[in-house]
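Accompanying notes for the structure given below.
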Protein chains: 4
Amino acid sequence: MRKRILAEGNEAVGWGAISAGCHCFFGYPISPQNEIIEFLAREMPKRGGIFVQSQCETGTINHLYGAAAAGVRAMTSTSSPGWGLMQEGMSNLVAARLPCVVVLIQRVGPGVQRLEHAQMDYNSATGGGGGGGYKNIVLAPDSVQETHDLIQLAFHLADKYRNPVVVLSDGLMGHVVEPLEIKILDFGPLPEKDWAVARRGQHKDGKHRAIASSYNPLEGETYVSYLCDMRTRYEAMESEVRYEEYKTDDAELILVAYGYCARVSKEAVNAARAEGLKAGLLRPITLWPFPNQAVCDKAEKGCKFLAVEDSLGLMVKDVKIAVDGKSEVYLVDVTFRHNPSESGVIMPGRVLEEIRRLL
Amino acid sequence: MRKRILAEGNEAVGWGAISAGCHCFFGYPISPQNEIIEFLAREMPKRGGIFVQSQCETGTINHLYGAAAAGVRAMTSTSSPGWGLMQEGMSNLVAARLPCVVVLIQRVGPGVQRLEHAQMDYNSATGGGGGGGYKNIVLAPDSVQETHDLIQLAFHLADKYRNPVVVLSDGLMGHVVEPLEIKILDFGPLPEKDWAVARRGQHKDGKHRAIASSYNPLEGETYVSYLCDMRTRYEAMESEVRYEEYKTDDAELILVAYGYCARVSKEAVNAARAEGLKAGLLRPITLWPFPNQAVCDKAEKGCKFLAVEDSLGLMVKDVKIAVDGKSEVYLVDVTFRHNPSESGVIMPGRVLEEIRRLL
Amino acid sequence: MRKRILAEGNEAVGWGAISAGCHCFFGYPISPQNEIIEFLAREMPKRGGIFVQSQCETGTINHLYGAAAAGVRAMTSTSSPGWGLMQEGMSNLVAARLPCVVVLIQRVGPGVQRLEHAQMDYNSATGGGGGGGYKNIVLAPDSVQETHDLIQLAFHLADKYRNPVVVLSDGLMGHVVEPLEIKILDFGPLPEKDWAVARRGQHKDGKHRAIASSYNPLEGETYVSYLCDMRTRYEAMESEVRYEEYKTDDAELILVAYGYCARVSKEAVNAARAEGLKAGLLRPITLWPFPNQAVCDKAEKGCKFLAVEDSLGLMVKDVKIAVDGKSEVYLVDVTFRHNPSESGVIMPGRVLEEIRRLL
Amino acid sequence: MRKRILAEGNEAVGWGAISAGCHCFFGYPISPQNEIIEFLAREMPKRGGIFVQSQCETGTINHLYGAAAAGVRAMTSTSSPGWGLMQEGMSNLVAARLPCVVVLIQRVGPGVQRLEHAQMDYNSATGGGGGGGYKNIVLAPDSVQETHDLIQLAFHLADKYRNPVVVLSDGLMGHVVEPLEIKILDFGPLPEKDWAVARRGQHKDGKHRAIASSYNPLEGETYVSYLCDMRTRYEAMESEVRYEEYKTDDAELILVAYGYCARVSKEAVNAARAEGLKAGLLRPITLWPFPNQAVCDKAEKGCKFLAVEDSLGLMVKDVKIAVDGKSEVYLVDVTFRHNPSESGVIMPGRVLEEIRRLL
């Protein structure tokens with residue numbers, strides 16, 4: 001199946017799930033991700049899939065636990081306040097080693113606020129929320145097409161590492177409309193889900209399976225061996241680093257940004273280049289694992305860095321760790337919005353001003 | 001009131017709350033912090049205070065919202081799985097600028113696990129959990145006496161900055177028994193709670209108050225001016241850095257640790273010194289704001305650093321940011337436990353081995 | 001569509017719903033009605049229908065409210081403890097004049113108990129539960145075929161009177177296996193659902209609809225006019241009396257029983273007749289409206305009555321009201337079980353003994 | 001303690017609880033009973049008692065379960081929609097044989113409606129709600145003084161029979177203001193609560209206790225022996241019939257009414273007597289057990305009956321059963337309100353008209 005349509009980012013989330021063979025979707029309405037729910041409520045049943053609107057976000061994340069335990073591909077999506085409610089569930093999903101996809105279309109925080117744009121959940125998405133001590137891959141698309149593609153990759157990586165994967169986007173990326181080629185991506189073979197709860201006779205050995213909510217003493221695991229298994233999987237996940245470089249070859253200042261801020265930064269880079277300023281963009285596609293080596297390499301060459309993020313400064317910590325004192329790190333944050341109203345965003349012009357100031 | 005008793009850490013939390021004039025405590029049972037609830041269930045009513053056992057942790061954190069809005073000193077306590085459930089509420093408390101104290105006696109994660117010791121909620125406690133974009137002061141005691149004292153400080157700082165304060169401890173610190181001098185600490189004057197919801201006539205202007213759940217357009221606030229107010233308060237909070245240095249004057253290797261790991265590390269430092277190894281300890285008492293300057297100063301003098309924490313590595317990120325490439329940073333983590341059983345902890349011996357290896 | 005199969009009562013509930021064109025089913029697992037949920041989870045999606053397993057019974061009854069408000073045929077099923085949780089929702093459904101079907105496969109009470117057979121929800125099913133002051137038709141099948149047929153009738157009557165209809169069965173009837181002819185029953189035309197919430201343009205006048213949760217002052221209703229509308233509909237519903245008479249023509253003692261106790265009573269009547277004892281059975285198919293006139297007519301002819309019900313005596317009150325002192329009324333109740341264990345039921349032998357004692 | 005004050009009915013509920021030594025009160029706000037909650041929130045802590053505002057009515061009824069299991073006197077209060085939510089809990093309380101008091105200040109139904117006066121929960125209060133098959137004593141006061149006194153009696157009867165007792169009042173009775181003599185009533189000795197869950201050493205045998213949620217196989221109970229125990233207790237409770245007769249000696253028409261309708265009926269009787277009409281009032285103080293014998297005796301003497309109740313006719317069924325065809329039974333119901341507005345009630349004038357019509 002391959003077709004080209006015009007679609008907004010949230011619709012691309014839905015198409016990506018369908019392309020990935022997602023069998024169950026659980027959702028609860030919250031802006032700015034309602035279009036995902038509307039799309040999948042309509043499209044899942046047509047394809048023999050399951051759509052359930054849960055009674056709250058603590059419901060969706062626990063439904064996800066059940067579906068993932070049964071070995072089917074399952075997904076939920078939410079925005080920032082719902083993400084807060086899912087933190088205990090996220091922790092439980094990792095603890096039980098259950099592969100699944102959680103899509104987070106960020107809106108502003110803290111609290112419920114109105115519908116301002118923002119990127120404020122970087123910390124809990126990449127570093128583990130309440131009931132912590134865990135890791136999960138985080139993918140950040142910056143176009144409608146990439147949204148569709150990364151959703152598919154997310155399902156693949158979840159199954160590959162038996163761990164939840166978070167796709168971290170934002171309200172602006174969710175609503176931008178662009179051409180989308182719908183196609184099924186092939187990321188290669190995956191291990192069989194021999195661990196999944198299934199009907200009698202479905203596993204080769206004819207035996208039942210149970211999902212341990214953490215380590216399994218019956219199989220000889222101790223808490224430390226369980227942690228070591230986790231660490232081994234985390235270390236393997238660290239090989240999944242993905243990023244895009246844009247005009248970085250000769251850059252003296254490298255912007256680091258994801259999601260809508262990457263789009264804004266790319267435009268700012270272009271404008272800077274037009275003025276002869278040697279700016280470039282390094283866009284992490286995986287926020288965890290973060291492209292530490294790529295950043296470090298550039299820092300060693302003397303590049304300065306400018307993190308651009310619509311928060312008070314979260315990703316910038318990872319940039320600093322990667323740079324490790326080898327160069328300077330600056331920040332364009334939420335207070336650079338062009339407009340103090342709800343519709344305010346960080347505009348390319350303000351980023352360009354900062355580029356000029358630094359070069 | 002001043003008296004000396006023998007008490008465990010959790011009891012000291014309770015005494016600290018009483019010394020601070022805490023009026024409302026909301027709790028829900030979860031090990032290893034049940035002794036706090038038992039203590040305050042018994043002691044609060046005797047003193048005219050309110051104790052409510054809520055129906056779940058999402059209940060306690062929202063009760064806290066109500067009590068804090070009324071301008072009284074209020075507290076909840078929980079352990080890691082409950083902390084996961086409180087993430088949305090924490091975000092709402094900061095958004096509404098409500099002073100209160102949340103005590104987190106960490107246990108192991110991710111998920112529910114058994115009752116292993118751990119320090120795995122550093123990331124969400126110091127960097128904002130789900131529904132993010134916020135900051136709160138985090139205090140970390142390493143003795144029964146300090147637990148009692150920091151609880152009082154927590155209430156003071158919450159009121160001073162109109163923001164929640166987290167006291168981050170762990171199951172070992174909660175159960176260690178030591179002498180405790182109960183006394184009321186005076187941290188100086190505080191602003192009047194003129195913003196609190198109160199009975200008619202209780203405010204000087206005779207008017208009612210309402211708590212805005214975020215920015216208040218009626219008072220001319222925009223989202224950006226609200227964020228700037230938050231940033232201003234965060235910047236002011238950054239002046240509240242507290243830490244303890246132990247044998248760091250001539251140290252070539254500085255351990256960084258909090259909570260029970262600080263106790264373990266101090267013992268390891270003593271053992272190292274007995275062998276002539278120049279080790280020291282820098283113990284953050286505030287985890288946020290982190291003692292960046294103190295760490296940086298030592299790094300500039302050529303000290304190496306060894307973070308000791310019972311997790312897969314969370315605080316170590318802050319150490320790295322503070323060191324900023326000026327020196328080397330190493331880690332003793334959860335996999336260094338002396339014992340693969342539930343009762344495993346990081347023991348001084350293993351830390352000493354690491355000190356020997358690095359010096 | 002017409003086909004003959006062997007089916008148990010619970011499966012017949014599912015087939016009845018499908019035959020009736022039920023579009024949405026909401027369920028939550030509880031014995032002895034889980035087979036309904038399993039059946040509809042499998043069969044609804046195949047037919048373009050919606051199956052949702054809610055998070056609890058308060059969830060299912062409120063989902064039902066939403067679906068009924070949208071004008072589609074919707075159903076839930078539960079057993080006695082779940083029925084307790086649905087009482088507020090039932091009251092709200094009647095108040096909002098929403099047609100829907102609730103299937104109650106009774107198990108023992110009070111409380112949760114084990115899985116004993118029983119008929120203990122007669123009072124709340126026929127007389128209105130908590131938040132009372134309402135009425136709903138109650139249908140009671142005594143065979144697999146009738147279960148299938150009455151489910152269809154229930155949907156018809158719900159739409160006809162714009163009111164919930166309860167189908168009251170029990171665990172024994174739910175699990176008995178008998179031949180079943182699946183066929184769509186035609187009960188005649190129904191009013192259009194012009195009141196239902198629908199997409200713009202779906203109603204002839206092009207206007208939106210809203211469901212008033214009770215009386216609608218905007219349409220000139222007062223509480224009393226609303227009550228009178230209710231009473232008018234209740235009086236119309238009273239014409240829907242249905243019952244079966246079995247060997248009552250010359251009977252001197254008439255048993256009154258529904259559900260499994262009707263089956264038991266029929267057998268007892270046959271045994272009594274074999275002994276020359278003139279017993280008969282009057283089986284209410286509608287428990288509300290109760291067949292008062294039929295009972296009264298027999299009482300006036302001098303028949304005595306023996307209520308047989310697996311409770312401490314609930315339906316017997318309605319028998320007494322109908323008899324109105326014109327004859328004698330006796331009771332075989334739960335304490336007549338043949339067996340003090342969980343599997344105890346009222347057996348024909350014990351009923352026969354009582355028939356012998358009375359004739 | 002004895003003092004005379006002016007109080008409204010809801011306040012009298014609170015004073016009654018205090019006079020009865022109620023130790024725990026659990027409430028959730030709902031009109032028209034909020035004054036009970038406000039009173040006890042203020043007064044309980046002063047007396048060493050516990051007040052908890054739960055998170056919902058399902059919370060209060062389950063809190064009550066816990067407190068009653070511990071053997072202390074405990075109470076909750078609510079209005080009709082909350083009563084709907086408590087039905088499962090009520091069933092569980094009876095099943096576990098837990099003494100407690102539930103106060104129901106009725107408002108209109110079905111559903112939430114506005115705040116109209118009504119008496120619509122007679123059926124579920126006296127006959128068992130969802131998850132049925134149980135009985136509980138129901139007391140109905142018709143004055144402020146009697147409210148205070150019956151609350152105390154309710155606690156006594158609950159402890160005497162180890163069963164919940166419901167005090168059924170209404171919004172009008174809750175808000176009427178009258179003189180109240182506060183005094184502790186002595187109803188005689190009670191059995192020790194030897195079954196209650198208590199601290200080690202608190203029971204004479206030094207053993208722990210557990211509350212079985214229904215029958216207790218460990219103590220040799222079967223479901224049938226458990227039901228027989230229940231029936232034995234129910235039969236004993238039937239001896240607790242209480243009622244008031246007013247001018248019934250020579251009455252040809254006897255009104256039957258409780259709560260506010262009893263007050264209205266008494267006035268109507270007085271007006272009828274002034275016209276020479278021989279009307280009287282039989283006021284059940286216990287709605288269950290209903291004063292069957294008293295009604296029956298009057299019926300045998302040829303008295304006609306007129307039930308007056310602010311519903312579509314609930315208590316009238318019990319009148320009919322008691323009369324048992326020996327005389328005629330009429331009904332003044334909710335549609336007799338003097339006023340089609342929210343504030344409508346059944347007024348003495350309309351009752352008088354009906355008396356004139358019948359005599």
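Residues in the structure tokens are numbered from 1 in each chain, the chains being A, B, ... in the order shown, and ligands are numbered from 1 in the order shown.
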
Write out as a compact mmCIF listing (two decimals) with N, CA, C and O atoms, in the first residue's frame which residues come within 7 Å of Glu88 (chain B) when counting only C-alpha atoms, dropping same-chain ones fewer than 4 positions away.
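The new file selection-v9.txt reads:
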```
# COMPACT_ATOMS: atom_id res chain seq x y z
N PRO A 81 -1.04 17.30 30.26
CA PRO A 81 -1.71 16.96 31.52
C PRO A 81 -2.02 15.46 31.62
O PRO A 81 -1.91 14.86 32.69
N GLY A 84 1.02 13.55 32.60
CA GLY A 84 1.21 13.55 34.05
C GLY A 84 0.47 12.39 34.70
O GLY A 84 1.01 11.70 35.57
N LEU A 85 -0.75 12.16 34.28
CA LEU A 85 -1.55 11.08 34.86
C LEU A 85 -1.04 9.69 34.48
O LEU A 85 -1.40 8.70 35.10
N ASN B 92 0.15 20.74 38.83
CA ASN B 92 -0.92 21.70 39.12
C ASN B 92 -0.59 22.59 40.32
O ASN B 92 -0.95 23.77 40.34
N GLY B 130 5.73 14.58 34.69
CA GLY B 130 4.81 14.75 33.56
C GLY B 130 3.96 16.00 33.67
O GLY B 130 3.50 16.34 34.77
N GLY B 131 3.68 16.66 32.56
CA GLY B 131 3.01 17.96 32.59
C GLY B 131 4.00 18.98 33.10
O GLY B 131 3.72 19.72 34.04
```

Q.
Please list as a ChimeraX atom specification every residue within 12 Å of Asp249 (chain C), counting only C-alpha atoms and excluding residues in the same chain fewer than 5 positions away.
A. /C:254,278-282,297-298,301,303

Output all heavy atoms for every residue in that selection, as a CSV table (one decimal), in the first residue's frame.
```csv
chain,number,residue,atom,x,y,z
C,254,ILE,N,-52.3,-21.9,43.0
C,254,ILE,CA,-51.5,-21.3,41.9
C,254,ILE,C,-50.2,-20.9,42.3
C,254,ILE,O,-50.1,-20.0,43.2
C,254,ILE,CB,-52.3,-20.2,41.2
C,254,ILE,CG1,-53.6,-20.8,40.5
C,254,ILE,CG2,-51.4,-19.5,40.1
C,254,ILE,CD1,-54.4,-19.8,39.7
C,278,LYS,N,-54.6,-30.4,42.4
C,278,LYS,CA,-54.9,-29.3,41.4
C,278,LYS,C,-54.0,-28.1,41.6
C,278,LYS,O,-54.5,-27.1,42.1
C,278,LYS,CB,-56.4,-29.0,41.4
C,278,LYS,CG,-57.2,-30.2,41.0
C,278,LYS,CD,-58.7,-29.9,40.8
C,278,LYS,CE,-59.4,-31.0,40.2
C,278,LYS,NZ,-60.9,-30.8,40.2
C,279,ALA,N,-52.8,-28.2,41.1
C,279,ALA,CA,-51.9,-27.1,41.2
C,279,ALA,C,-51.7,-26.5,39.8
C,279,ALA,O,-51.8,-27.2,38.8
C,279,ALA,CB,-50.6,-27.5,41.8
C,280,GLY,N,-51.4,-25.2,39.7
C,280,GLY,CA,-51.1,-24.6,38.4
C,280,GLY,C,-50.0,-23.5,38.6
C,280,GLY,O,-49.5,-23.3,39.7
C,281,LEU,N,-49.6,-22.9,37.5
C,281,LEU,CA,-48.6,-21.9,37.6
C,281,LEU,C,-49.0,-20.7,36.8
C,281,LEU,O,-49.4,-20.7,35.7
C,281,LEU,CB,-47.3,-22.5,37.0
C,281,LEU,CG,-46.1,-21.4,36.8
C,281,LEU,CD1,-45.5,-21.0,38.1
C,281,LEU,CD2,-45.0,-22.0,35.9
C,282,LEU,N,-48.8,-19.5,37.5
C,282,LEU,CA,-49.0,-18.3,36.8
C,282,LEU,C,-47.6,-17.6,36.8
C,282,LEU,O,-47.1,-17.3,37.8
C,282,LEU,CB,-50.0,-17.4,37.5
C,282,LEU,CG,-50.4,-16.1,36.7
C,282,LEU,CD1,-51.8,-15.7,37.0
C,282,LEU,CD2,-49.5,-15.0,36.8
C,297,ASP,N,-58.1,-12.1,39.5
C,297,ASP,CA,-59.2,-12.9,39.0
C,297,ASP,C,-59.2,-14.3,39.6
C,297,ASP,O,-60.3,-14.8,40.0
C,297,ASP,CB,-59.1,-13.0,37.5
C,297,ASP,CG,-59.4,-11.7,36.8
C,297,ASP,OD1,-59.9,-10.7,37.4
C,297,ASP,OD2,-59.1,-11.5,35.6
C,298,LYS,N,-58.0,-14.8,39.7
C,298,LYS,CA,-57.9,-16.2,40.2
C,298,LYS,C,-58.3,-16.2,41.7
C,298,LYS,O,-58.9,-17.1,42.2
C,298,LYS,CB,-56.5,-16.7,40.0
C,298,LYS,CG,-56.1,-16.9,38.6
C,298,LYS,CD,-56.9,-18.0,37.9
C,298,LYS,CE,-56.5,-18.1,36.4
C,298,LYS,NZ,-57.4,-19.0,35.7
C,301,LYS,N,-61.8,-16.3,42.4
C,301,LYS,CA,-62.4,-17.6,42.3
C,301,LYS,C,-62.0,-18.6,43.4
C,301,LYS,O,-62.3,-19.7,43.4
C,301,LYS,CB,-61.9,-18.2,41.0
C,301,LYS,CG,-62.5,-17.6,39.7
C,301,LYS,CD,-62.0,-18.3,38.4
C,301,LYS,CE,-62.3,-17.5,37.2
C,301,LYS,NZ,-61.4,-17.8,36.1
C,303,CYS,N,-58.8,-19.4,44.4
C,303,CYS,CA,-57.5,-20.0,44.4
C,303,CYS,C,-56.6,-19.5,45.5
C,303,CYS,O,-56.6,-18.3,45.8
C,303,CYS,CB,-56.8,-19.7,43.1
C,303,CYS,SG,-57.5,-20.5,41.7
```

(Q) Counting only C-alpha atoms, a student should be able to say which residues of chain D come within 8 Å of chain B; what is the right answer, written as a ChimeraX atom specification? (A) /D:45,48,52,54-55,59

What's the 8 Å shell around Leu115 (chain B), counting only C-alpha atoms, without same-chain residues fewer than 2 positions away, as an mmCIF file with N, CA and C atoms, in the first residue's frame?
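Result file is selection-v6.cif:
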```cif
data_model
loop_
_atom_site.group_PDB
_atom_site.id
_atom_site.type_symbol
_atom_site.label_atom_id
_atom_site.label_comp_id
_atom_site.auth_asym_id
_atom_site.auth_seq_id
_atom_site.Cartn_x
_atom_site.Cartn_y
_atom_site.Cartn_z
ATOM 1 N N SER B 31 4.595 1.391 51.920
ATOM 2 C CA SER B 31 5.927 1.230 52.499
ATOM 3 C C SER B 31 6.920 1.916 51.589
ATOM 4 N N PRO B 32 8.026 2.408 52.075
ATOM 5 C CA PRO B 32 8.511 2.381 53.458
ATOM 6 C C PRO B 32 8.277 3.699 54.195
ATOM 7 N N ARG B 107 11.505 4.194 47.246
ATOM 8 C CA ARG B 107 11.810 2.774 47.201
ATOM 9 C C ARG B 107 12.147 2.474 45.742
ATOM 10 N N VAL B 108 12.306 1.229 45.460
ATOM 11 C CA VAL B 108 12.867 0.861 44.169
ATOM 12 C C VAL B 108 11.873 1.013 43.022
ATOM 13 N N GLN B 113 7.614 -3.259 42.101
ATOM 14 C CA GLN B 113 8.706 -4.073 42.667
ATOM 15 C C GLN B 113 8.398 -4.577 44.070
ATOM 16 N N HIS B 117 15.725 -1.020 48.595
ATOM 17 C CA HIS B 117 16.175 0.354 48.771
ATOM 18 C C HIS B 117 16.555 0.937 47.426
ATOM 19 N N GLU B 342 16.691 -8.599 48.039
ATOM 20 C CA GLU B 342 15.903 -7.399 48.319
ATOM 21 C C GLU B 342 16.614 -6.451 49.265
#
```

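By only C-alpha atoms, and with residues fewer than 3 positions from Pro141 (chain A) along its chain excluded, the set lying at most 6 Å from it is A:Glu146, A:Thr147, A:Gly259.
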
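CA of Leu139 (chain B) is found 5.6 Å from CA of Ile285 (chain B).
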
Q.
I want to know what sits within 10 Å of Gly82 (chain B), based on only C-alpha atoms, with residues of the same chain fewer than 5 positions away left out; could you give that as a PyMOL selection string?
A. (chain A and resi 88+130-131) or (chain B and resi 28-30+56-58+60-61+77+87+104+106+112)

Can those selected residues be exported to a file as a short mmCIF file (atom, residue, chain, number, x, y, z; two decimals), in the first residue's frame so that it contains C-alpha atoms?
```cif
data_model
loop_
_atom_site.label_atom_id
_atom_site.label_comp_id
_atom_site.auth_asym_id
_atom_site.auth_seq_id
_atom_site.Cartn_x
_atom_site.Cartn_y
_atom_site.Cartn_z
CA GLU A 88 2.81 5.55 37.20
CA GLY A 130 7.67 9.41 38.93
CA GLY A 131 8.41 5.88 40.12
CA TYR B 28 -2.15 7.00 51.87
CA PRO B 29 -0.38 3.88 53.09
CA ILE B 30 2.68 2.66 51.22
CA CYS B 56 -5.41 7.05 46.88
CA GLU B 57 -2.35 9.15 46.13
CA THR B 58 -4.13 11.18 43.46
CA THR B 60 -3.76 13.17 48.72
CA ILE B 61 -2.08 15.47 46.23
CA SER B 77 4.16 11.88 52.05
CA GLN B 87 2.80 13.83 38.99
CA LEU B 104 9.14 11.26 49.14
CA GLN B 106 11.99 6.49 47.83
CA VAL B 112 5.96 -1.49 42.05
#
```

Q | Gln152 (chain C) surroundings by only C-alpha atoms, 12 Å radius, close-in-sequence under 4 positions cut, as a PyMOL selection string | A | chain C and resi 12-22+73-75+100-101+103+139+141+145-148+156-159+165-167+182-187

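Atom to atom, CA of Ala95 (chain A) and CA of Phe25 (chain A) stand 21.1 Å apart.
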
(Q) If I take CA of Gly71 (chain B) and CA of Ala41 (chain B), how far is one from the other in Å, to one decimal? (A) 21.3 Å
